[in-house]
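Below: target_1.tsv (TSV, C-alpha atoms)
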chain	number	residue	atom	x	y	z
A	1	MET	CA	-11.63	-18.26	20.83
A	2	ALA	CA	-10.99	-14.91	22.47
A	3	ALA	CA	-12.42	-11.45	21.88
A	4	ILE	CA	-9.58	-9.16	20.79
A	5	ASN	CA	-9.25	-5.90	18.91
A	6	LEU	CA	-7.32	-5.31	15.69
A	7	LEU	CA	-4.20	-4.10	17.48
A	8	GLN	CA	-4.13	-7.20	19.68
A	9	ALA	CA	-4.56	-9.33	16.54
A	10	VAL	CA	-1.38	-7.81	15.10
A	11	ASN	CA	0.48	-8.56	18.32
A	12	GLU	CA	-0.86	-12.11	18.49
A	13	ALA	CA	0.07	-12.86	14.88
A	14	LEU	CA	3.60	-11.57	15.41
A	15	ARG	CA	4.02	-13.56	18.63
A	16	GLN	CA	2.76	-16.80	17.12
A	17	GLU	CA	4.89	-16.46	14.00
A	18	MET	CA	7.98	-15.69	16.08
A	19	LYS	CA	7.31	-18.82	18.12
A	20	ARG	CA	6.69	-20.88	14.99
A	21	ASP	CA	9.76	-19.78	13.06
A	22	PRO	CA	12.97	-18.56	14.73
A	23	ARG	CA	13.92	-16.73	11.52
A	24	VAL	CA	11.20	-14.11	12.11
A	25	ILE	CA	12.76	-10.84	13.32
A	26	VAL	CA	10.76	-7.74	14.33
A	27	PHE	CA	12.35	-4.30	14.33
A	28	GLY	CA	11.62	-0.62	13.78
A	29	GLU	CA	11.42	2.67	15.64
A	30	ASP	CA	10.45	2.09	19.29
A	31	VAL	CA	9.07	-1.41	18.65
A	32	GLY	CA	11.27	-3.05	21.29
A	33	TYR	CA	11.37	-1.53	24.76
A	34	GLU	CA	8.29	0.69	24.23
A	35	GLY	CA	6.31	-1.87	22.23
A	36	GLY	CA	5.65	0.49	19.33
A	37	VAL	CA	3.94	3.85	19.06
A	38	PHE	CA	0.53	2.10	19.17
A	39	ARG	CA	1.79	-0.81	21.32
A	40	ALA	CA	1.42	-3.34	18.51
A	41	THR	CA	4.67	-5.06	19.54
A	42	VAL	CA	4.26	-4.78	23.29
A	43	ASP	CA	6.08	-7.49	25.32
A	44	LEU	CA	7.64	-9.13	22.26
A	45	GLN	CA	11.11	-8.02	23.32
A	46	LYS	CA	10.51	-9.38	26.82
A	47	GLU	CA	9.50	-12.75	25.41
A	48	PHE	CA	11.97	-13.14	22.54
A	49	GLY	CA	14.88	-10.92	23.53
A	50	LYS	CA	16.64	-7.96	21.96
A	51	ASP	CA	18.06	-10.05	19.13
A	52	ARG	CA	14.62	-10.79	17.71
A	53	CYS	CA	12.65	-7.66	18.61
A	54	MET	CA	14.82	-4.57	18.46
A	55	ASP	CA	14.65	-0.82	18.19
A	56	SER	CA	16.11	0.91	15.16
A	57	PRO	CA	17.47	4.38	14.47
A	58	LEU	CA	15.02	7.01	13.15
A	59	ALA	CA	15.90	6.17	9.56
A	60	GLU	CA	13.26	4.49	7.42
A	61	SER	CA	15.60	3.88	4.50
A	62	ALA	CA	18.01	2.10	6.84
A	63	ILE	CA	15.21	0.05	8.39
A	64	VAL	CA	14.11	-1.29	5.01
A	65	GLY	CA	17.69	-1.63	3.76
A	66	VAL	CA	18.69	-3.76	6.74
A	67	GLY	CA	15.55	-5.81	6.23
A	68	ILE	CA	16.54	-6.50	2.62
A	69	GLY	CA	19.92	-7.84	3.72
A	70	MET	CA	18.32	-10.00	6.38
A	71	ALA	CA	15.73	-11.42	3.98
A	72	ILE	CA	18.25	-12.25	1.26
A	73	ASN	CA	20.34	-14.08	3.85
A	74	GLY	CA	17.60	-16.35	5.16
A	75	MET	CA	15.82	-14.34	7.85
A	76	ILE	CA	12.20	-13.16	7.76
A	77	PRO	CA	12.18	-9.52	8.85
A	78	VAL	CA	8.93	-7.81	9.85
A	79	VAL	CA	9.73	-4.11	9.93
A	80	GLU	CA	7.52	-1.27	11.10
A	81	MET	CA	7.14	2.24	9.76
A	82	GLN	CA	5.64	4.25	12.63
A	83	PHE	CA	3.17	5.87	10.22
A	84	SER	CA	2.68	5.25	6.50
A	85	GLY	CA	3.47	8.91	5.87
A	86	PHE	CA	6.97	8.29	7.22
A	87	SER	CA	7.71	5.59	4.63
A	88	TYR	CA	8.68	7.98	1.84
A	89	PRO	CA	12.42	8.13	2.72
A	90	ALA	CA	12.44	4.35	2.17
A	91	PHE	CA	10.82	4.49	-1.28
A	92	ASN	CA	14.10	3.97	-3.10
A	93	GLN	CA	14.83	0.82	-1.13
A	94	ILE	CA	11.28	-0.49	-1.59
A	95	ILE	CA	11.01	0.24	-5.32
A	96	SER	CA	14.58	-0.43	-6.41
A	97	HIS	CA	15.43	-3.44	-4.27
A	98	VAL	CA	12.57	-4.97	-2.24
A	99	ALA	CA	10.23	-5.27	-5.21
A	100	ARG	CA	12.83	-6.10	-7.86
A	101	MET	CA	15.24	-8.52	-6.25
A	102	ARG	CA	13.52	-11.71	-7.41
A	103	ASN	CA	13.32	-10.46	-11.00
A	104	ARG	CA	16.80	-8.90	-10.98
A	105	SER	CA	18.41	-12.14	-9.79
A	106	ARG	CA	16.17	-14.32	-11.98
A	107	GLY	CA	14.83	-16.05	-8.89
A	108	ARG	CA	18.18	-16.66	-7.22
A	109	TYR	CA	17.32	-14.24	-4.40
A	110	THR	CA	14.00	-13.34	-2.85
A	111	VAL	CA	13.05	-10.75	-0.24
A	112	PRO	CA	10.51	-12.44	2.06
A	113	MET	CA	9.88	-9.47	4.32
A	114	VAL	CA	6.83	-7.65	5.66
A	115	ILE	CA	6.69	-3.88	5.94
A	116	ARG	CA	3.98	-2.93	8.44
A	117	MET	CA	2.51	0.57	8.43
A	118	PRO	CA	-0.38	2.15	10.34
A	119	TYR	CA	-2.28	4.17	7.74
A	120	GLY	CA	-5.25	6.49	7.35
A	121	GLY	CA	-7.08	9.28	9.11
A	122	GLY	CA	-9.59	9.53	11.89
A	123	ILE	CA	-7.32	9.98	14.90
A	124	ARG	CA	-6.78	13.77	14.65
A	125	ALA	CA	-3.07	13.43	14.01
A	126	LEU	CA	-0.43	15.76	12.64
A	127	GLU	CA	0.84	16.17	9.09
A	128	HIS	CA	2.12	12.96	7.42
A	129	HIS	CA	0.31	10.82	10.00
A	130	SER	CA	-2.95	10.24	8.10
A	131	GLU	CA	-2.16	9.34	4.49
A	132	SER	CA	-3.61	6.33	2.67
A	133	PRO	CA	-0.80	5.42	0.26
A	134	GLU	CA	-1.98	2.03	-0.98
A	135	ALA	CA	-2.02	3.12	-4.64
A	136	PHE	CA	1.69	4.02	-4.49
A	137	PHE	CA	2.66	0.50	-3.49
A	138	ALA	CA	0.07	-1.33	-5.61
A	139	HIS	CA	1.61	0.29	-8.70
A	140	ILE	CA	4.98	-1.37	-8.06
A	141	PRO	CA	5.35	-4.84	-9.65
A	142	GLY	CA	6.76	-7.31	-7.18
A	143	LEU	CA	4.90	-6.07	-4.10
A	144	LYS	CA	1.81	-7.49	-2.47
A	145	VAL	CA	-0.37	-4.99	-0.61
A	146	VAL	CA	-2.72	-6.07	2.19
A	147	MET	CA	-5.24	-3.90	4.09
A	148	PRO	CA	-7.37	-5.77	6.66
A	149	SER	CA	-10.51	-4.42	8.33
A	150	THR	CA	-11.21	-6.84	11.21
A	151	PRO	CA	-9.20	-8.54	13.97
A	152	TYR	CA	-9.89	-11.98	12.49
A	153	ASP	CA	-8.64	-11.00	9.06
A	154	THR	CA	-5.69	-9.09	10.49
A	155	LYS	CA	-4.32	-12.09	12.35
A	156	GLY	CA	-4.76	-14.49	9.44
A	157	LEU	CA	-3.49	-12.12	6.76
A	158	LEU	CA	-0.44	-11.03	8.76
A	159	ALA	CA	0.50	-14.66	9.35
A	160	ALA	CA	0.11	-15.32	5.62
A	161	ALA	CA	2.24	-12.27	4.81
A	162	ILE	CA	5.04	-13.42	7.10
A	163	ARG	CA	5.01	-16.87	5.51
A	164	ASP	CA	4.94	-15.49	1.95
A	165	GLU	CA	8.09	-15.88	-0.13
A	166	ASP	CA	7.69	-12.36	-1.55
A	167	PRO	CA	7.58	-8.91	0.07
A	168	VAL	CA	4.29	-7.70	1.51
A	169	ILE	CA	3.24	-4.16	2.40
A	170	PHE	CA	0.86	-4.58	5.33
A	171	LEU	CA	-1.23	-1.44	5.90
A	172	GLU	CA	-3.07	-1.38	9.23
A	173	PRO	CA	-6.10	0.92	9.72
A	174	LYS	CA	-5.07	2.70	12.90
A	175	ARG	CA	-8.45	4.45	13.15
A	176	ILE	CA	-9.98	1.11	14.16
A	177	TYR	CA	-7.04	-0.41	16.07
A	178	ARG	CA	-9.15	-0.36	19.25
A	179	ALA	CA	-12.58	0.40	17.82
A	180	PHE	CA	-14.15	-3.02	18.41
A	181	LYS	CA	-13.41	-6.60	19.38
A	182	GLN	CA	-14.09	-9.83	17.55
A	183	GLU	CA	-13.89	-13.50	18.43
A	184	VAL	CA	-10.60	-14.79	17.03
A	185	PRO	CA	-9.16	-18.32	17.30
A	186	GLU	CA	-6.28	-18.55	19.74
A	187	GLU	CA	-4.44	-21.01	17.52
A	188	ASP	CA	-2.58	-19.80	14.44
A	189	TYR	CA	-4.26	-19.76	11.01
A	190	ILE	CA	-3.81	-18.01	7.69
A	191	ILE	CA	-6.11	-16.20	5.28
A	192	PRO	CA	-4.86	-16.42	1.69
A	193	ILE	CA	-3.51	-13.18	0.26
A	194	GLY	CA	-5.37	-12.11	-2.87
A	195	LYS	CA	-8.84	-13.24	-1.85
A	196	ALA	CA	-11.66	-10.77	-1.20
A	197	LYS	CA	-14.64	-11.51	1.04
A	198	VAL	CA	-18.35	-10.90	0.51
A	199	VAL	CA	-19.34	-9.64	3.95
A	200	ARG	CA	-22.95	-8.82	3.10
A	201	GLU	CA	-25.12	-10.45	0.44
A	202	GLY	CA	-27.27	-8.17	-1.68
A	203	THR	CA	-28.98	-7.77	-5.03
A	204	ASP	CA	-29.21	-4.07	-5.94
A	205	ILE	CA	-25.66	-2.68	-5.90
A	206	THR	CA	-22.12	-3.79	-5.08
A	207	LEU	CA	-20.15	-1.74	-2.55
A	208	ILE	CA	-16.39	-2.37	-2.47
A	209	ALA	CA	-14.15	-1.11	0.33
A	210	TRP	CA	-11.22	-2.10	2.54
A	211	GLY	CA	-9.51	-1.20	5.77
A	212	ALA	CA	-11.17	1.44	7.95
A	213	MET	CA	-13.71	2.28	5.23
A	214	MET	CA	-15.39	-1.10	5.66
A	215	ARG	CA	-17.18	0.09	8.81
A	216	GLU	CA	-18.44	3.23	7.09
A	217	THR	CA	-19.54	1.22	4.07
A	218	LEU	CA	-21.42	-1.35	6.15
A	219	LYS	CA	-23.17	1.47	8.02
A	220	ALA	CA	-24.16	2.97	4.67
A	221	ALA	CA	-25.49	-0.42	3.58
A	222	GLU	CA	-27.68	-0.52	6.67
A	223	LEU	CA	-29.02	2.97	5.92
A	224	ALA	CA	-29.73	1.90	2.34
A	225	ALA	CA	-31.56	-1.22	3.52
A	226	GLU	CA	-33.87	0.99	5.56
A	227	LYS	CA	-34.83	2.65	2.27
A	228	GLY	CA	-35.49	-0.63	0.49
A	229	ILE	CA	-32.10	-0.91	-1.26
A	230	HIS	CA	-30.15	-4.12	-0.71
A	231	PRO	CA	-26.40	-3.66	-1.24
A	232	GLU	CA	-23.84	-6.40	-1.53
A	233	VAL	CA	-20.65	-5.45	0.31
A	234	ILE	CA	-17.18	-6.73	-0.56
A	235	ASP	CA	-14.12	-6.36	1.66
A	236	LEU	CA	-11.28	-6.35	-0.86
A	237	ARG	CA	-8.69	-7.15	1.87
A	238	THR	CA	-5.83	-7.39	-0.65
A	239	ILE	CA	-5.10	-4.40	-2.89
A	240	ALA	CA	-2.40	-6.16	-4.90
A	241	PRO	CA	-3.20	-8.61	-6.30
A	242	ILE	CA	-6.88	-7.67	-6.64
A	243	ASP	CA	-9.42	-10.48	-6.47
A	244	ARG	CA	-11.03	-9.76	-9.82
A	245	ASP	CA	-13.23	-12.86	-9.82
A	246	THR	CA	-15.12	-11.95	-6.65
A	247	VAL	CA	-15.62	-8.35	-7.78
A	248	ILE	CA	-16.83	-9.28	-11.26
A	249	ALA	CA	-19.16	-12.02	-10.02
A	250	SER	CA	-20.83	-9.57	-7.64
A	251	VAL	CA	-21.19	-6.77	-10.21
A	252	LYS	CA	-22.65	-9.17	-12.77
A	253	LYS	CA	-25.26	-10.08	-10.16
A	254	THR	CA	-26.16	-6.55	-9.02
A	255	GLY	CA	-25.47	-4.51	-12.15
A	256	ARG	CA	-24.13	-1.56	-10.17
A	257	ALA	CA	-20.95	-0.72	-8.27
A	258	ILE	CA	-19.51	1.88	-5.91
A	259	ILE	CA	-15.96	1.83	-4.61
A	260	VAL	CA	-15.17	3.53	-1.30
A	261	HIS	CA	-11.68	4.57	-0.21
A	262	GLU	CA	-10.23	7.38	1.88
A	263	ALA	CA	-7.21	7.97	-0.36
A	264	PRO	CA	-7.41	10.82	-2.91
A	265	LYS	CA	-9.67	10.15	-5.87
A	266	THR	CA	-7.29	10.66	-8.78
A	267	GLY	CA	-5.05	7.66	-9.42
A	268	GLY	CA	-6.61	5.69	-6.60
A	269	ILE	CA	-7.49	1.99	-6.47
A	270	GLY	CA	-11.12	2.93	-7.09
A	271	GLY	CA	-10.26	3.95	-10.63
A	272	GLU	CA	-8.52	0.61	-11.24
A	273	LEU	CA	-11.55	-1.29	-9.96
A	274	MET	CA	-13.83	0.74	-12.22
A	275	ALA	CA	-11.61	-0.19	-15.19
A	276	ILE	CA	-11.78	-3.88	-14.25
A	277	ILE	CA	-15.57	-3.68	-13.98
A	278	ASN	CA	-15.90	-1.91	-17.33
A	279	GLU	CA	-13.62	-4.42	-19.03
A	280	LYS	CA	-15.17	-7.58	-17.57
A	281	ALA	CA	-18.80	-6.76	-16.68
A	282	PHE	CA	-19.77	-3.89	-19.00
A	283	LEU	CA	-22.77	-5.62	-20.56
A	284	HIS	CA	-24.19	-6.37	-17.10
A	285	LEU	CA	-24.14	-2.76	-15.89
A	286	GLU	CA	-27.33	-0.84	-15.16
A	287	ALA	CA	-25.41	2.36	-14.29
A	288	PRO	CA	-21.84	3.64	-14.55
A	289	PRO	CA	-19.60	2.44	-11.69
A	290	THR	CA	-18.46	5.28	-9.46
A	291	ARG	CA	-16.46	6.21	-6.35
A	292	VAL	CA	-16.76	7.80	-2.93
A	293	THR	CA	-13.29	8.85	-1.86
A	294	GLY	CA	-11.08	11.38	-0.16
A	295	PHE	CA	-10.27	14.53	-2.07
A	296	ASP	CA	-7.32	15.50	-4.25
A	297	THR	CA	-5.79	17.58	-1.48
A	298	PRO	CA	-3.31	16.97	1.31
A	299	PHE	CA	-5.00	15.25	4.23
A	300	PRO	CA	-6.37	18.07	6.41
A	301	LEU	CA	-5.39	18.86	9.96
A	302	PRO	CA	-7.74	17.65	12.75
A	303	ARG	CA	-10.59	20.13	12.34
A	304	GLY	CA	-11.05	19.16	8.71
A	305	GLU	CA	-10.97	15.37	9.01
A	306	GLN	CA	-14.74	14.90	9.09
A	307	HIS	CA	-15.08	16.78	5.80
A	308	TYR	CA	-12.42	14.71	4.07
A	309	LEU	CA	-13.17	11.14	5.14
A	310	PRO	CA	-16.09	9.35	3.43
A	311	SER	CA	-19.04	9.04	5.80
A	312	PRO	CA	-22.01	6.64	5.72
A	313	GLU	CA	-24.23	9.57	4.76
A	314	ARG	CA	-22.03	10.55	1.81
A	315	ILE	CA	-21.91	6.93	0.67
A	316	LEU	CA	-25.71	6.65	0.98
A	317	VAL	CA	-26.23	9.67	-1.29
A	318	LYS	CA	-24.11	8.00	-3.97
A	319	ILE	CA	-25.93	4.69	-3.51
A	320	GLN	CA	-29.26	6.36	-4.14
A	321	GLU	CA	-27.86	8.20	-7.14
A	322	VAL	CA	-26.55	5.03	-8.77
A	323	VAL	CA	-29.61	2.91	-7.98
A	324	ASN	CA	-31.90	5.59	-9.42
A	325	TYR	CA	-29.81	6.15	-12.54
A	326	LEU	CA	-32.05	6.76	-15.58
A	327	THR	CA	-35.24	6.68	-13.48
Starting from the coordinates I provided, produce the structure as structure tokens.
Amino acid sequence: MAAINLLQAVNEALRQEMKRDPRVIVFGEDVGYEGGVFRATVDLQKEFGKDRCMDSPLAESAIVGVGIGMAINGMIPVVEMQFSGFSYPAFNQIISHVARMRNRSRGRYTVPMVIRMPYGGGIRALEHHSESPEAFFAHIPGLKVVMPSTPYDTKGLLAAAIRDEDPVIFLEPKRIYRAFKQEVPEEDYIIPIGKAKVVREGTDITLIAWGAMMRETLKAAELAAEKGIHPEVIDLRTIAPIDRDTVIASVKKTGRAIIVHEAPKTGGIGGELMAIINEKAFLHLEAPPTRVTGFDTPFPLPRGEQHYLPSPERILVKIQEVVNYLT
């Protein structure tokens, strides 16, 4: 075991998978010589050479397109978008080819590739550096979407994504890349994609979050506990497919639910989770499920970040509102 941060967990997972399988290729803008804009791929080129960890042109569509060709022909490309907000030029490749190739070829071809993207706010970045686009990708059949919140989960989920036979969008919460360290096994391991985790047991309300919002949600749970409210907290971990069983089991136990995400409210994953809860646990509800989210605006420039991102205090207000519903 070693104490590492989330960024180091990404690097360790990539290194171990490259050692394990010579078909794994890492490439993207500045990932080779520089080691990536956040240094997630630092030293991989030194260890594995320029043929397996290489820089690409500044062309996201080309990055994904080359990855498709590699994947169809037996390689396992792990490509990086420098920021999730830069992925939009590659949307045609992702939607039209990455996600559809298995279905289009009736299983003859698959695209076992991973598209890594730092996502989210909290680092006072420029325009198109702070989006949370998980709902875009979750809406596309054929893609799996993973959003870890801890170093341990990051290493295990990234390894699982690389070994998956289908394409995976791997969204990394850059706000917490270096925020904390966690004891992580030095040997390789996987965490199954599509399985949520109950990170805090509770009885009064279910809080569901993922990625960087897990820390804010757990802080809110602590504040609620000080007021005599005992939340159960679920780390969704995988956005597509959603672990419906874990969510429904928790809501049936607590009778209440709040979903927390930093993406805009309208059309977000929170709305989908509320629909699942209403369809599968309606008769167990003590109050309507609700959301604490970002706003339906472009992500603000640095001075406005603290007003946009859900905070523990804003989550606590909603917890109290839902717990006291009809009282």
Spatial neighbours of Ser149 (chain A), 10 Å, all atoms listed in the file, chain gap at least 4 places, as a list in words: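 In the requested format, the answer is Leu6, Asp153, Thr154, Glu172, Pro173, Ile176, Tyr177, Ala209, Trp210, Gly211, Ala212, Met213, Met214, Arg215, Asp235, Leu236 and Arg237 of chain A.
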Give me the residues within 12 Å of Ile123 (chain A) as a CSV table (one decimal) with C-alpha atoms, in the frame of the given file, counting all atoms listed in the file and dropping any in the same chain fewer than 6 places off.
chain,number,residue,atom,x,y,z
A,38,PHE,CA,0.5,2.1,19.2
A,129,HIS,CA,0.3,10.8,10.0
A,130,SER,CA,-3.0,10.2,8.1
A,131,GLU,CA,-2.2,9.3,4.5
A,173,PRO,CA,-6.1,0.9,9.7
A,174,LYS,CA,-5.1,2.7,12.9
A,175,ARG,CA,-8.4,4.4,13.2
A,176,ILE,CA,-10.0,1.1,14.2
A,177,TYR,CA,-7.0,-0.4,16.1
A,178,ARG,CA,-9.2,-0.4,19.2
A,179,ALA,CA,-12.6,0.4,17.8
A,212,ALA,CA,-11.2,1.4,8.0
A,300,PRO,CA,-6.4,18.1,6.4
A,301,LEU,CA,-5.4,18.9,10.0
A,302,PRO,CA,-7.7,17.6,12.8
A,303,ARG,CA,-10.6,20.1,12.3
A,304,GLY,CA,-11.0,19.2,8.7
A,305,GLU,CA,-11.0,15.4,9.0
A,306,GLN,CA,-14.7,14.9,9.1
A,309,LEU,CA,-13.2,11.1,5.1
Between CA of His307 (chain A) and CA of Arg291 (chain A), distance in Å (one decimal):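 That distance, rounded to one decimal, is 16.2 Å.
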Best match for closeness to Val145 (chain A) among A:Ala224, A:Val251, A:Leu44, A:Ile239, counting only C-alpha atoms: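 Of the candidates, the smallest distance to Val145 (chain A) is held by A:Ile239.
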Atomic separation - CA of Pro151 (chain A) relative to CA of Asp21 (chain A), Å: 22.1 Å
Contacts of region 317-319 of chain A at 8 Å (all atoms listed in the file; same-chain gap of 5+ positions) as a list of chain:residue names: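 Selected residues are A:Ile205, A:Ala224, A:Ile258, A:Val292.
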Contact residues around Ser96 (chain A) with only C-alpha atoms at 12 Å, ignoring same-chain residues under 3 positions, as a VMD selection string: chain A and resid 61 64 to 65 68 90 to 93 99 to 104 140 to 143
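As for CA of Ile193 (chain A) and CA of Pro148 (chain A), they are spaced 10.5 Å apart.
Between Ala221 (chain A) and the residues A:Phe299, A:Leu171, A:Gln320, A:His139, the shortest atom-to-atom distance, using only C-alpha atoms, involves A:Gln320.
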Specify the axis-aligned box that encloses all atoms of region 209-215 of chain A listed in the file after padding of 6 Å on each side, stating its centre and edge lengths in Å to one decimal as AutoDock Vina command-line options.
--center_x -13.3 --center_y 0.1 --center_z 4.6 --size_x 19.7 --size_y 16.4 --size_z 20.5
For Gln16 (chain A): contacts at 9 Å, all atoms listed in the file, fewer than 6 positions along chain excluded, given as a PyMOL selection string: chain A and resi 159+187-188
Nearest to Pro192 (chain A), chosen from A:Gly156, A:Pro298, A:Pro77, A:Gly35, with only C-alpha atoms counted in the distances: A:Gly156
Selected residue, from A:Ser132, A:Thr238, A:Asn324, A:Thr41, that lies nearest to Val146 (chain A) when counting all atoms listed in the file: A:Thr238
Which residue of A:His261, A:Arg39, A:Lys227, A:Arg108 approaches Gly120 (chain A) most closely, using all atoms listed in the file: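 Going through A:His261, A:Arg39, A:Lys227, A:Arg108 one by one, the smallest distance to Gly120 (chain A) is for A:His261.
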Radius query 7 Å about (-21.4, 6.0, 3.7), atoms used: only C-alpha atoms, as a VMD selection string: chain A and resid 216 to 217 219 to 220 310 to 316
Given only C-alpha atoms as the counted atoms, nearest of A:Val168, A:Ile269, A:Lys181, A:Leu223 to Pro133 (chain A):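 Comparing A:Val168, A:Ile269, A:Lys181, A:Leu223 against Pro133 (chain A), the winner is A:Ile269.
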